[in-house]
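Raw contents of entry_0.cif, mmCIF, C-alpha atoms and all ligand atoms:
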data_start
loop_
_atom_site.label_atom_id
_atom_site.label_comp_id
_atom_site.auth_asym_id
_atom_site.auth_seq_id
_atom_site.Cartn_x
_atom_site.Cartn_y
_atom_site.Cartn_z
CA MET A 1 -21.57 -6.75 -4.69
CA GLN A 2 -21.42 -10.51 -4.27
CA HIS A 3 -20.24 -11.51 -0.78
CA PHE A 4 -17.37 -13.91 -0.51
CA VAL A 5 -15.25 -13.38 2.58
CA ASP A 6 -15.80 -10.26 4.66
CA LEU A 7 -13.71 -9.03 7.59
CA LEU A 8 -15.90 -6.77 9.70
CA GLY A 9 -14.36 -4.50 12.33
CA LEU A 10 -11.71 -7.09 13.17
CA GLY A 11 -9.34 -6.40 16.05
CA LYS A 12 -6.77 -8.29 18.08
CA ARG A 13 -5.35 -7.61 21.53
CA TYR A 14 -2.64 -9.46 23.42
CA GLY A 15 -3.06 -8.31 27.03
CA ASN A 16 -2.97 -4.52 26.78
CA LEU A 17 -1.30 -4.55 23.39
CA GLN A 18 -3.66 -3.77 20.50
CA VAL A 19 -1.92 -5.34 17.49
CA LEU A 20 -4.80 -4.96 15.01
CA SER A 21 -7.60 -2.37 15.03
CA ASP A 22 -10.92 -2.01 13.25
CA LEU A 23 -10.08 -3.92 10.09
CA SER A 24 -12.90 -4.06 7.55
CA LEU A 25 -12.19 -5.60 4.19
CA SER A 26 -14.09 -7.61 1.58
CA ILE A 27 -12.17 -10.31 -0.25
CA ARG A 28 -13.42 -10.80 -3.80
CA GLN A 29 -13.93 -14.23 -5.33
CA GLY A 30 -10.97 -15.21 -7.50
CA GLU A 31 -8.74 -12.23 -6.71
CA PHE A 32 -5.07 -12.12 -5.75
CA LEU A 33 -5.14 -9.96 -2.63
CA THR A 34 -1.86 -9.02 -0.96
CA LEU A 35 -1.50 -7.88 2.65
CA LEU A 36 1.56 -5.62 2.55
CA GLY A 37 3.29 -3.78 5.36
CA PRO A 38 6.44 -3.59 7.47
CA SER A 39 7.28 -6.25 10.02
CA GLY A 40 4.90 -6.13 12.99
CA SER A 41 2.10 -4.26 11.17
CA GLY A 42 -0.47 -7.03 11.72
CA LYS A 43 -0.43 -8.91 8.38
CA SER A 44 0.18 -12.40 9.77
CA THR A 45 -2.26 -11.82 12.60
CA THR A 46 -4.91 -11.03 9.97
CA LEU A 47 -4.02 -14.13 7.94
CA MET A 48 -4.04 -16.36 11.04
CA MET A 49 -7.47 -15.03 12.01
CA LEU A 50 -8.70 -15.84 8.51
CA ALA A 51 -7.24 -19.33 8.82
CA GLY A 52 -8.85 -19.78 12.25
CA PHE A 53 -5.61 -20.22 14.19
CA VAL A 54 -5.95 -16.89 16.04
CA GLU A 55 -9.16 -15.81 17.77
CA PRO A 56 -10.20 -12.19 17.07
CA SER A 57 -10.71 -9.92 20.11
CA GLU A 58 -13.25 -7.80 18.23
CA GLY A 59 -15.32 -8.00 15.08
CA ARG A 60 -16.25 -10.97 12.91
CA ILE A 61 -15.47 -12.86 9.73
CA GLU A 62 -18.19 -13.89 7.28
CA MET A 63 -18.10 -16.22 4.31
CA ASP A 64 -21.00 -16.05 1.85
CA GLY A 65 -22.75 -13.93 4.48
CA ARG A 66 -22.38 -16.64 7.16
CA ASP A 67 -20.47 -15.95 10.41
CA ILE A 68 -17.33 -18.14 10.51
CA THR A 69 -15.46 -16.18 13.22
CA HIS A 70 -15.36 -19.15 15.60
CA LEU A 71 -15.35 -21.97 13.04
CA ALA A 72 -12.49 -24.49 13.47
CA PRO A 73 -9.62 -24.13 10.93
CA ASP A 74 -10.26 -27.45 9.15
CA ALA A 75 -13.97 -26.71 8.81
CA ARG A 76 -13.17 -23.57 6.78
CA ASP A 77 -11.69 -25.46 3.84
CA PHE A 78 -8.93 -22.89 3.35
CA GLY A 79 -5.49 -23.90 2.07
CA VAL A 80 -2.49 -22.50 3.95
CA VAL A 81 1.13 -22.19 2.82
CA PHE A 82 3.57 -21.11 5.53
CA GLN A 83 7.01 -19.55 5.24
CA GLY A 84 8.84 -22.76 6.22
CA TYR A 85 6.47 -24.94 4.08
CA ALA A 86 5.81 -27.34 7.03
CA LEU A 87 6.12 -30.44 4.82
CA PHE A 88 6.23 -33.92 6.36
CA PRO A 89 9.91 -34.90 5.97
CA HIS A 90 9.37 -38.68 6.27
CA MET A 91 6.74 -38.78 3.50
CA SER A 92 7.29 -38.74 -0.27
CA VAL A 93 6.14 -35.81 -2.42
CA ALA A 94 2.97 -37.69 -3.42
CA GLN A 95 2.20 -38.69 0.20
CA ASN A 96 2.59 -35.07 1.32
CA VAL A 97 0.25 -33.83 -1.40
CA ALA A 98 -2.25 -36.67 -0.79
CA TYR A 99 -2.50 -35.88 2.92
CA PRO A 100 -5.39 -33.36 2.82
CA LEU A 101 -7.37 -35.78 0.62
CA ARG A 102 -6.70 -38.72 2.98
CA ILE A 103 -8.05 -36.86 6.00
CA ARG A 104 -11.09 -35.98 3.87
CA LYS A 105 -11.53 -39.72 3.14
CA VAL A 106 -11.35 -39.35 -0.62
CA PRO A 107 -11.21 -42.80 -2.37
CA ASP A 108 -7.69 -44.05 -3.26
CA ALA A 109 -8.16 -44.06 -7.03
CA GLU A 110 -9.34 -40.45 -6.98
CA ILE A 111 -6.45 -39.42 -4.69
CA GLU A 112 -3.98 -40.90 -7.15
CA ARG A 113 -5.58 -39.09 -10.07
CA ARG A 114 -5.82 -35.71 -8.28
CA VAL A 115 -2.28 -35.85 -6.89
CA ALA A 116 -0.84 -36.62 -10.33
CA ASP A 117 -2.88 -33.79 -11.85
CA VAL A 118 -1.89 -31.17 -9.26
CA LEU A 119 1.82 -32.17 -9.40
CA GLU A 120 1.71 -31.73 -13.16
CA ARG A 121 0.15 -28.28 -12.75
CA VAL A 122 2.75 -27.05 -10.27
CA GLY A 123 5.61 -28.28 -12.48
CA LEU A 124 6.47 -31.46 -10.51
CA GLY A 125 5.06 -34.03 -12.94
CA GLY A 126 6.62 -37.47 -12.42
CA MET A 127 8.32 -36.51 -9.14
CA GLY A 128 5.77 -38.03 -6.78
CA ASN A 129 8.09 -40.73 -5.46
CA ARG A 130 10.92 -38.41 -4.46
CA GLY A 131 11.69 -37.81 -0.81
CA ILE A 132 11.33 -34.25 0.54
CA ALA A 133 15.04 -34.06 1.46
CA GLN A 134 15.97 -34.68 -2.19
CA LEU A 135 14.21 -31.52 -3.34
CA SER A 136 15.54 -27.98 -3.84
CA GLY A 137 13.97 -25.04 -1.98
CA GLY A 138 11.93 -24.08 -5.03
CA GLN A 139 10.66 -27.63 -5.46
CA GLN A 140 9.68 -27.87 -1.79
CA GLN A 141 7.77 -24.63 -2.30
CA ARG A 142 5.88 -26.24 -5.18
CA VAL A 143 5.02 -29.28 -3.02
CA ALA A 144 3.63 -26.98 -0.32
CA LEU A 145 1.51 -25.21 -2.96
CA ALA A 146 0.33 -28.50 -4.42
CA ARG A 147 -0.66 -29.79 -0.98
CA ALA A 148 -2.59 -26.58 -0.27
CA LEU A 149 -4.37 -26.60 -3.64
CA VAL A 150 -5.14 -30.30 -4.10
CA PHE A 151 -8.41 -30.24 -2.15
CA LYS A 152 -9.69 -27.21 -4.13
CA PRO A 153 -9.84 -24.79 -1.19
CA ARG A 154 -12.22 -21.81 -1.26
CA LEU A 155 -9.31 -19.58 -0.30
CA LEU A 156 -5.54 -20.03 -0.37
CA LEU A 157 -3.66 -18.23 2.41
CA LEU A 158 0.06 -17.65 1.84
CA ASP A 159 2.30 -16.28 4.59
CA GLU A 160 5.56 -14.88 3.07
CA PRO A 161 5.95 -18.11 1.07
CA LEU A 162 8.88 -16.85 -1.02
CA SER A 163 10.96 -15.26 1.72
CA ALA A 164 13.28 -18.28 2.16
CA LEU A 165 14.26 -18.37 -1.54
CA ASP A 166 17.22 -16.58 -3.09
CA ARG A 167 16.58 -13.65 -5.42
CA ARG A 168 16.54 -15.47 -8.74
CA LEU A 169 14.41 -18.34 -7.55
CA ARG A 170 12.12 -15.88 -5.87
CA GLN A 171 11.50 -14.07 -9.16
CA GLU A 172 10.91 -17.35 -10.93
CA MET A 173 8.42 -18.45 -8.24
CA GLN A 174 6.63 -15.09 -8.46
CA GLY A 175 5.90 -15.84 -12.10
CA GLU A 176 4.84 -19.36 -11.17
CA LEU A 177 2.50 -18.12 -8.46
CA ALA A 178 0.81 -15.73 -10.88
CA ARG A 179 0.42 -18.55 -13.39
CA MET A 180 -1.00 -20.94 -10.74
CA HIS A 181 -3.43 -18.28 -9.55
CA LYS A 182 -4.86 -18.04 -13.09
CA ASP A 183 -4.75 -21.77 -13.72
CA PHE A 184 -6.52 -22.81 -10.49
CA GLY A 185 -8.88 -19.81 -10.33
CA THR A 186 -8.60 -19.93 -6.52
CA THR A 187 -8.76 -16.76 -4.41
CA PHE A 188 -5.27 -16.01 -3.04
CA VAL A 189 -4.57 -13.97 0.10
CA PHE A 190 -0.84 -13.37 0.18
CA VAL A 191 1.27 -11.80 2.96
CA THR A 192 4.53 -10.02 2.15
CA HIS A 193 6.69 -7.10 3.28
CA ASP A 194 8.21 -6.84 -0.21
CA GLN A 195 6.68 -3.95 -2.19
CA GLU A 196 7.93 -5.09 -5.59
CA GLU A 197 6.49 -8.54 -5.05
CA ALA A 198 3.15 -7.01 -4.07
CA LEU A 199 3.09 -4.68 -7.08
CA ALA A 200 4.00 -7.49 -9.50
CA LEU A 201 1.52 -10.11 -8.29
CA SER A 202 -1.60 -8.53 -6.90
CA ASP A 203 -5.02 -7.62 -8.20
CA ARG A 204 -5.37 -5.51 -5.05
CA ILE A 205 -3.03 -4.56 -2.23
CA ALA A 206 -4.03 -3.86 1.37
CA VAL A 207 -1.32 -1.70 2.95
CA PHE A 208 -0.93 -2.17 6.72
CA ASN A 209 0.78 0.14 9.19
CA LYS A 210 0.84 -0.30 12.97
CA GLY A 211 -2.15 -2.64 13.04
CA ARG A 212 -4.31 -0.52 10.75
CA LEU A 213 -5.32 -0.75 7.12
CA GLU A 214 -3.88 2.42 5.53
CA GLN A 215 -5.07 1.89 1.97
CA LEU A 216 -6.73 -0.73 -0.20
CA GLY A 217 -6.45 -0.53 -3.97
CA THR A 218 -4.97 -1.85 -7.19
CA PRO A 219 -1.16 -1.74 -7.47
CA ARG A 220 -1.51 1.33 -9.68
CA GLU A 221 -3.82 3.10 -7.23
CA VAL A 222 -1.63 2.58 -4.19
CA TYR A 223 1.57 3.42 -6.09
CA GLU A 224 0.34 6.41 -8.08
CA ARG A 225 -2.26 7.72 -5.65
CA PRO A 226 -0.97 6.85 -2.17
CA ALA A 227 -3.50 7.94 0.46
CA SER A 228 -0.94 8.85 3.11
CA ARG A 229 2.71 9.75 3.64
CA PHE A 230 3.27 6.28 5.00
CA VAL A 231 1.99 4.58 1.82
CA ALA A 232 3.90 7.03 -0.40
CA ASN A 233 7.14 6.18 1.39
CA PHE A 234 6.59 2.49 1.86
CA LEU A 235 5.78 1.76 -1.78
CA GLY A 236 8.92 2.95 -3.52
CA ASP A 237 10.76 6.19 -2.93
CA THR A 238 8.97 9.52 -2.87
CA ASN A 239 10.06 13.11 -2.56
CA LEU A 240 7.81 14.99 -0.16
CA LEU A 241 7.74 18.78 -0.12
CA GLU A 242 5.69 20.76 2.35
CA VAL A 243 3.58 23.25 0.42
CA GLY A 244 0.79 25.73 0.99
CA VAL A 245 -2.31 25.47 -1.20
CA VAL A 246 -2.95 28.83 -2.87
CA GLY A 247 -5.48 28.21 -5.61
CA ARG A 248 -7.22 26.08 -8.18
CA GLU A 249 -6.94 25.74 -11.92
CA ALA A 250 -9.03 23.56 -14.24
CA GLU A 251 -7.02 20.39 -13.69
CA ALA A 252 -4.41 21.38 -11.14
CA THR A 253 -4.03 22.63 -7.60
CA LEU A 254 -1.72 25.63 -7.33
CA CYS A 255 0.81 25.44 -4.50
CA ASP A 256 3.43 27.63 -2.92
CA PHE A 257 6.75 26.05 -1.99
CA ARG A 258 8.71 28.75 -0.16
CA GLY A 259 7.85 31.43 -2.68
CA GLN A 260 7.96 29.16 -5.73
CA ARG A 261 4.77 28.24 -7.57
CA LEU A 262 4.21 24.55 -8.24
CA ARG A 263 1.29 22.77 -9.87
CA ALA A 264 0.03 19.43 -8.64
CA ALA A 265 -2.67 17.16 -10.05
CA TYR A 266 -6.06 18.40 -8.88
CA SER A 267 -6.80 17.22 -5.37
CA VAL A 268 -10.13 17.30 -3.58
CA GLN A 269 -8.31 16.84 -0.26
CA ALA A 270 -6.32 20.04 -0.51
CA SER A 271 -8.17 23.04 0.87
CA GLN A 272 -7.04 26.54 0.00
CA GLY A 273 -4.87 28.15 2.67
CA GLY A 274 -4.03 24.72 4.13
CA LYS A 275 -0.73 22.88 4.34
CA SER A 276 -0.11 19.80 2.23
CA TRP A 277 2.63 17.41 1.21
CA LEU A 278 3.44 17.38 -2.44
CA ALA A 279 4.58 13.88 -3.39
CA VAL A 280 6.61 13.21 -6.53
CA ARG A 281 8.44 10.00 -7.44
CA PRO A 282 12.18 10.16 -8.33
CA GLU A 283 11.53 8.53 -11.72
CA HIS A 284 9.02 11.23 -12.66
CA ILE A 285 11.44 14.15 -12.37
CA ASP A 286 13.52 15.19 -15.37
CA LEU A 287 16.95 16.79 -15.20
CA ARG A 288 17.39 19.76 -17.53
CA PRO A 289 20.01 22.46 -18.11
CA LEU A 290 19.64 25.57 -15.96
CA GLN A 291 18.68 27.64 -19.06
CA ASP A 292 15.32 25.85 -18.97
CA ALA A 293 14.56 27.19 -15.45
CA GLY A 294 11.02 28.52 -15.12
CA ARG A 295 9.82 27.14 -18.46
CA ASP A 296 7.56 24.60 -16.79
CA ASN A 297 6.69 23.03 -13.43
CA GLY A 298 9.90 22.55 -11.44
CA LEU A 299 12.62 23.77 -9.10
CA CYS A 300 16.33 24.66 -9.27
CA ALA A 301 18.72 22.29 -7.51
CA THR A 302 22.42 21.54 -7.11
CA ALA A 303 23.68 18.10 -8.10
CA GLY A 304 25.21 15.91 -5.39
CA SER A 305 26.18 12.27 -5.60
CA ALA A 306 25.13 9.92 -8.39
CA THR A 307 24.86 6.15 -7.91
CA TYR A 308 24.96 3.80 -10.87
CA GLN A 309 22.27 1.10 -10.61
CA GLY A 310 22.57 -0.74 -13.92
CA ALA A 311 19.44 0.34 -15.80
CA HIS A 312 19.25 3.72 -14.09
CA VAL A 313 21.22 6.25 -12.07
CA ASN A 314 20.08 7.59 -8.71
CA LEU A 315 20.94 11.25 -8.38
CA GLU A 316 20.77 13.21 -5.15
CA LEU A 317 20.31 16.99 -5.44
CA THR A 318 19.83 19.84 -2.99
CA LEU A 319 17.08 22.34 -3.70
CA GLU A 320 17.75 26.06 -3.42
CA GLN A 321 15.31 25.97 -0.51
CA GLY A 322 17.54 23.45 1.28
CA GLU A 323 15.57 20.21 0.93
CA ARG A 324 16.96 17.14 -0.71
CA LEU A 325 15.51 15.95 -4.02
CA ASP A 326 16.06 12.43 -5.38
CA LEU A 327 15.96 11.67 -9.09
CA ARG A 328 16.11 8.37 -10.91
CA LEU A 329 17.35 8.85 -14.45
CA PRO A 330 17.68 6.30 -17.24
CA VAL A 331 21.37 5.58 -17.98
CA SER A 332 20.72 6.95 -21.49
CA HIS A 333 19.79 10.43 -20.15
CA PRO A 334 21.64 13.05 -22.30
CA LEU A 335 22.93 15.08 -19.33
CA LEU A 336 24.48 12.16 -17.44
CA GLY A 337 27.69 12.04 -19.47
CA GLU A 338 28.67 15.57 -18.48
CA LEU A 339 27.04 15.61 -15.05
CA ARG A 340 29.06 17.49 -12.45
CA SER A 341 28.53 17.51 -8.74
CA GLY A 342 28.02 21.07 -7.49
CA GLN A 343 26.46 22.22 -10.78
CA ARG A 344 22.96 23.68 -10.81
CA TYR A 345 20.13 22.19 -12.85
CA TRP A 346 16.44 22.64 -13.51
CA CYS A 347 14.41 19.70 -12.16
CA SER A 348 10.93 19.50 -13.66
CA TRP A 349 7.93 17.22 -13.61
CA SER A 350 4.42 17.09 -14.95
CA PRO A 351 1.68 18.16 -12.52
CA GLN A 352 -0.04 14.89 -13.45
CA HIS A 353 2.87 13.00 -11.91
CA CYS A 354 2.62 14.43 -8.46
CA HIS A 355 -0.18 14.77 -6.00
CA LEU A 356 -1.04 16.24 -2.65
CA LEU A 357 -1.36 14.46 0.67
CA SER A 358 -2.97 16.07 3.67
CA ALA A 359 -0.35 17.26 6.15
P1 LIG B 401 3.45 -8.87 10.61
O1 LIG B 401 2.90 -10.13 10.05
O2 LIG B 401 2.93 -7.65 9.91
O3 LIG B 401 4.95 -8.86 10.71
P2 LIG B 401 2.22 -9.74 13.04
O4 LIG B 401 0.78 -9.84 12.70
O5 LIG B 401 3.01 -11.01 13.07
O6 LIG B 401 2.92 -8.68 12.10
O7 LIG B 401 2.39 -9.07 14.49
C1 LIG B 401 1.78 -7.85 14.84
C2 LIG B 401 2.16 -7.52 16.27
O8 LIG B 401 1.57 -8.47 17.14
C3 LIG B 401 3.64 -7.57 16.54
O9 LIG B 401 3.98 -6.47 17.34
C4 LIG B 401 3.82 -8.88 17.26
O10 LIG B 401 4.93 -8.81 18.14
C5 LIG B 401 2.52 -9.02 18.02
N1 LIG B 401 2.17 -10.42 18.28
C6 LIG B 401 1.93 -11.37 17.35
N2 LIG B 401 1.62 -12.54 17.93
C7 LIG B 401 1.66 -12.34 19.27
C8 LIG B 401 1.43 -13.16 20.42
N3 LIG B 401 1.08 -14.45 20.29
N4 LIG B 401 1.58 -12.59 21.63
C9 LIG B 401 1.90 -11.29 21.77
N5 LIG B 401 2.12 -10.46 20.72
C10 LIG B 401 2.01 -10.97 19.49
#

Could you render the structure as C-alpha cells?
Ligand code: ADP
Amino acid sequence: MQHFVDLLGLGKRYGNLQVLSDLSLSIRQGEFLTLLGPSGSGKSTTLMMLAGFVEPSEGRIEMDGRDITHLAPDARDFGVVFQGYALFPHMSVAQNVAYPLRIRKVPDAEIERRVADVLERVGLGGMGNRGIAQLSGGQQQRVALARALVFKPRLLLLDEPLSALDRRLRQEMQGELARMHKDFGTTFVFVTHDQEEALALSDRIAVFNKGRLEQLGTPREVYERPASRFVANFLGDTNLLEVGVVGREAEATLCDFRGQRLRAAYSVQASQGGKSWLAVRPEHIDLRPLQDAGRDNGLCATAGSATYQGAHVNLELTLEQGERLDLRLPVSHPLLGELRSGQRYWCSWSPQHCHLLSA
C-alpha cells in the first residue's frame, strides 16, 4: 500500500497519566478519516500530535515514509480548523483567508486570484470585504475552512468544527464539508464525538476509547460489525444478550440464551462452550403477534412503554428471561395501532442482523 501519513505506536503521557497508548494507524491519501470517541478518549491529543502542537511520548509519525515526529507545525503544511475557528477579528474575510499565503510569500496577484477562487468554492463568493463580526456562525466556519484550504495543504485537520453550530446549520455544514472534501480532493482528518456525524461523513472511522483505538473501519463495518461491546454501544443503540455458544451451522452460530435457541451470523470469534454477547440493533427486531412464537429466530417479551419519535417509535419490552429488549419500529408498523402495554409479543430478527462479541 502507498504510504501517506503513518502513526506508529504513538503514545502520550502527562506525568503519570497515560492519555493515549500504542496507536498505529495509516491515513490514506484523499480519504475522509474520522476520529470518533467520547470526551477524553484521546482524539484531540492524536490530532494535535499530527498537527505538531503536542509532542508524542512514544512512537513516531511518518509522511511519505519520512519521520516527521519532531517537525515544526508550519513545516508540515497541514491545514487546521479548530472548534472556535480562531479567525482574526480585525481582518476582513479576504485578509483572513490570504494570511497563510502571505506568510508563504506568495505574490500579491496570485494571492488575490487564489483567495477569490477558494471563497467561491466554500460558498462565500463576493464576500471578501466583509468584516468577521458581520458574519453568521456558519459563514465564519466557511472562512476558517477557506483559510485552511487556500494553501493546498497535504492534510486538513478538523477538531470538532461543527460543534458550535445549531442543529440545522450543523446538518447543512455536514453536507458542505462532504462536498468540499470531494471538490478539493484533500485528505481530511476529522474529530467528533457525534456518531451520526461520523457515520454520515466518513470514508473510515477510528473509534477511540480510553486512549486506545478500539476499531478502524468503514461506517458500515463499525456499525454492522462492531468489534467490541464498547463500539456496539457507542455507535447507536444495541441490545446485548449473554449467550452460550452451543454449535455451528453452515452460515450461523447456534447459541443458548437461558434455554432458548438463537441463531447468530457465523462468527469465527465464538468458540463452542464459550460465553459471548449477542448484539442486535433495535431497528433490526420485528414485533409480531404471540401466535408467531417459535416460527423463526426470536424471543417472547412483554410490551412496556412506547415513545413516539416522529419517523419511528421506540418500544421497550421485557423478555421472559428478565432482560430488557429495545425495539425501534417504523410508525407504519401494523401492530402499533393496537399496541398494549403488558401484552406479550414475539420479537424476531434475522440471524444475519445480529452477531457475537467475545465476552
Ligand atoms: P478527546 O479529544 O477525546 O476529548 P483529549 O485528547 O482532549 O480527549 O484528552 C484525553 C485525555 O488527556 C483527557 O483525560 C484530558 O484531560 C487529558 N489531557 C489533555 N491535555 C492535557 C494536558 N495538557 N495536561 C494534562 N492532561 C491532558

Q) What residues have any atom no more than 9 Å from ligand LIG 401 (chain B) when counting all atoms listed in the file, and can you list them as a ChimeraX atom specification? A) /A:12-15,17-20,35-48,54,159-160,191-193,208-211

Can you pull out the residues contacting stretch 222-229 of chain A? Cut-off 9 Å, using only C-alpha atoms, and skip same-chain residues under 2 positions away; I want them as a PDB file with C-alpha atoms, in the coordinates of the input.
ATOM      1  CA  LEU A 199       3.090  -4.680  -7.080  1.00  0.00           C
ATOM      2  CA  ARG A 204      -5.370  -5.510  -5.050  1.00  0.00           C
ATOM      3  CA  ILE A 205      -3.030  -4.560  -2.230  1.00  0.00           C
ATOM      4  CA  ALA A 206      -4.030  -3.860   1.370  1.00  0.00           C
ATOM      5  CA  VAL A 207      -1.320  -1.700   2.950  1.00  0.00           C
ATOM      6  CA  GLU A 214      -3.880   2.420   5.530  1.00  0.00           C
ATOM      7  CA  GLN A 215      -5.070   1.890   1.970  1.00  0.00           C
ATOM      8  CA  LEU A 216      -6.730  -0.730  -0.200  1.00  0.00           C
ATOM      9  CA  GLY A 217      -6.450  -0.530  -3.970  1.00  0.00           C
ATOM     10  CA  THR A 218      -4.970  -1.850  -7.190  1.00  0.00           C
ATOM     11  CA  PRO A 219      -1.160  -1.740  -7.470  1.00  0.00           C
ATOM     12  CA  ARG A 220      -1.510   1.330  -9.680  1.00  0.00           C
ATOM     13  CA  VAL A 231       1.990   4.580   1.820  1.00  0.00           C
ATOM     14  CA  ALA A 232       3.900   7.030  -0.400  1.00  0.00           C
ATOM     15  CA  ASN A 233       7.140   6.180   1.390  1.00  0.00           C
ATOM     16  CA  PHE A 234       6.590   2.490   1.860  1.00  0.00           C
ATOM     17  CA  LEU A 235       5.780   1.760  -1.780  1.00  0.00           C
ATOM     18  CA  GLY A 236       8.920   2.950  -3.520  1.00  0.00           C
ATOM     19  CA  LEU A 240       7.810  14.990  -0.160  1.00  0.00           C
ATOM     20  CA  TRP A 277       2.630  17.410   1.210  1.00  0.00           C
ATOM     21  CA  ALA A 279       4.580  13.880  -3.390  1.00  0.00           C
ATOM     22  CA  ARG A 281       8.440  10.000  -7.440  1.00  0.00           C
ATOM     23  CA  HIS A 353       2.870  13.000 -11.910  1.00  0.00           C
ATOM     24  CA  CYS A 354       2.620  14.430  -8.460  1.00  0.00           C
ATOM     25  CA  HIS A 355      -0.180  14.770  -6.000  1.00  0.00           C
ATOM     26  CA  LEU A 357      -1.360  14.460   0.670  1.00  0.00           C
ATOM     27  CA  SER A 358      -2.970  16.070   3.670  1.00  0.00           C
ATOM     28  CA  ALA A 359      -0.350  17.260   6.150  1.00  0.00           C
TER      29      ALA A 359
END

Q | Nearest to A:Glu320, chosen from A:Ser341, A:Asp117, A:Trp346, A:Ala144, with only C-alpha atoms counted in the distances | A |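 Smallest distance to A:Glu320 is found for A:Trp346.
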
(Q) Report, in Å to a single decimal, how far apart atom CA of A:Ala306 and atom CA of A:Asp237 are. (A) 15.8 Å

Q | Computed interatomic separation between atom CA of A:Val189 and atom CA of A:Gly52 (Å) | A |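 Computed distance, atom CA of A:Val189 to atom CA of A:Gly52, equals 14.1 Å.
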
Q. Counting all atoms listed in the file, which of A:Leu241, A:Asp286, A:Asp6, A:Ala303 gets nearest to A:Glu338?
A.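 Among the listed residues, the smallest separation from A:Glu338 belongs to A:Ala303.
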
Q. How far is it from atom CA of A:Arg60 to atom CA of A:Ser202, in Å with one decimal?
A. 24.8 Å

Q.
Considering only C-alpha atoms, can you say which of A:Leu71, A:Ala116, A:Leu213, A:Leu177 comes closest to A:Ala200?
A.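 Once distances to A:Ala200 are computed over only C-alpha atoms, the minimum belongs to A:Leu177.
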
Q: Considering only C-alpha atoms, return as a list in words whatever protein or nucleic-acid residues lie within 7 Å of A:Ser348, sequence-local ones (same chain, fewer than 2 positions apart) excluded.
A: Ile285, Asp286, Leu287, Asp296, Asn297, Gly298, Leu299 and Trp346 of chain A

Q: May I ask which of the residues A:Ala94, A:Ile132, A:Leu201, A:Leu50 is the closest one to A:Leu33, counting only C-alpha atoms?
A: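 Going through A:Ala94, A:Ile132, A:Leu201, A:Leu50 one by one, the smallest distance to A:Leu33 is for A:Leu201.
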
Q. Taking (-22.5, -15.8, 3.7) in the file's coordinates as the center, which residues reach within 12 Å of it, counting all atoms listed in the file, put as a PyMOL selection string?
A. chain A and resi 2-7+26+61-69

Take the residues that were just selected and, keeping C-alpha atoms, output them as a PDB file, keeping the file's coordinate frame.
ATOM      1  CA  GLN A   2     -21.420 -10.510  -4.270  1.00  0.00           C
ATOM      2  CA  HIS A   3     -20.240 -11.510  -0.780  1.00  0.00           C
ATOM      3  CA  PHE A   4     -17.370 -13.910  -0.510  1.00  0.00           C
ATOM      4  CA  VAL A   5     -15.250 -13.380   2.580  1.00  0.00           C
ATOM      5  CA  ASP A   6     -15.800 -10.260   4.660  1.00  0.00           C
ATOM      6  CA  LEU A   7     -13.710  -9.030   7.590  1.00  0.00           C
ATOM      7  CA  SER A  26     -14.090  -7.610   1.580  1.00  0.00           C
ATOM      8  CA  ILE A  61     -15.470 -12.860   9.730  1.00  0.00           C
ATOM      9  CA  GLU A  62     -18.190 -13.890   7.280  1.00  0.00           C
ATOM     10  CA  MET A  63     -18.100 -16.220   4.310  1.00  0.00           C
ATOM     11  CA  ASP A  64     -21.000 -16.050   1.850  1.00  0.00           C
ATOM     12  CA  GLY A  65     -22.750 -13.930   4.480  1.00  0.00           C
ATOM     13  CA  ARG A  66     -22.380 -16.640   7.160  1.00  0.00           C
ATOM     14  CA  ASP A  67     -20.470 -15.950  10.410  1.00  0.00           C
ATOM     15  CA  ILE A  68     -17.330 -18.140  10.510  1.00  0.00           C
ATOM     16  CA  THR A  69     -15.460 -16.180  13.220  1.00  0.00           C
TER      17      THR A  69
END

Q. If you count all atoms listed in the file, which residues fall within 9 Å of A:Phe78, apart from same-chain ones fewer than 3 positions away, as an MDAnalysis selection string?
A. chainID A and resid 50:51 73:75 148 152:157

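Closest approach to A:Gln29 among A:Pro107, A:Gly128, A:Gly185, A:Gly79: A:Gly185, based on all atoms listed in the file.
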
Would you kindly place N, CA, C and O atoms on stretch 155-161 of chain A and return the model as a JSON list (two decimals), keeping the file's coordinate frame?
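So the final result, stored in rebuild.json, reads:
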[["chain", "number", "residue", "atom", "x", "y", "z"],
["A", 155, "LEU", "N", -10.22, -20.71, -0.46],
["A", 155, "LEU", "CA", -9.31, -19.58, -0.30],
["A", 155, "LEU", "C", -7.93, -20.17, -0.03],
["A", 155, "LEU", "O", -7.81, -21.14, 0.71],
["A", 156, "LEU", "N", -6.90, -19.59, -0.67],
["A", 156, "LEU", "CA", -5.54, -20.03, -0.37],
["A", 156, "LEU", "C", -4.83, -18.90, 0.37],
["A", 156, "LEU", "O", -4.74, -17.78, -0.14],
["A", 157, "LEU", "N", -4.34, -19.22, 1.58],
["A", 157, "LEU", "CA", -3.66, -18.23, 2.41],
["A", 157, "LEU", "C", -2.16, -18.49, 2.35],
["A", 157, "LEU", "O", -1.73, -19.61, 2.61],
["A", 158, "LEU", "N", -1.39, -17.47, 2.00],
["A", 158, "LEU", "CA", 0.06, -17.65, 1.84],
["A", 158, "LEU", "C", 0.81, -16.65, 2.70],
["A", 158, "LEU", "O", 0.67, -15.44, 2.52],
["A", 159, "ASP", "N", 1.59, -17.17, 3.66],
["A", 159, "ASP", "CA", 2.30, -16.28, 4.59],
["A", 159, "ASP", "C", 3.78, -16.18, 4.19],
["A", 159, "ASP", "O", 4.56, -17.08, 4.49],
["A", 160, "GLU", "N", 4.17, -15.11, 3.52],
["A", 160, "GLU", "CA", 5.56, -14.88, 3.07],
["A", 160, "GLU", "C", 6.17, -16.15, 2.47],
["A", 160, "GLU", "O", 7.27, -16.54, 2.87],
["A", 161, "PRO", "N", 5.49, -16.79, 1.52],
["A", 161, "PRO", "CA", 5.95, -18.11, 1.07],
["A", 161, "PRO", "C", 7.28, -18.06, 0.32],
["A", 161, "PRO", "O", 7.96, -19.07, 0.22]]
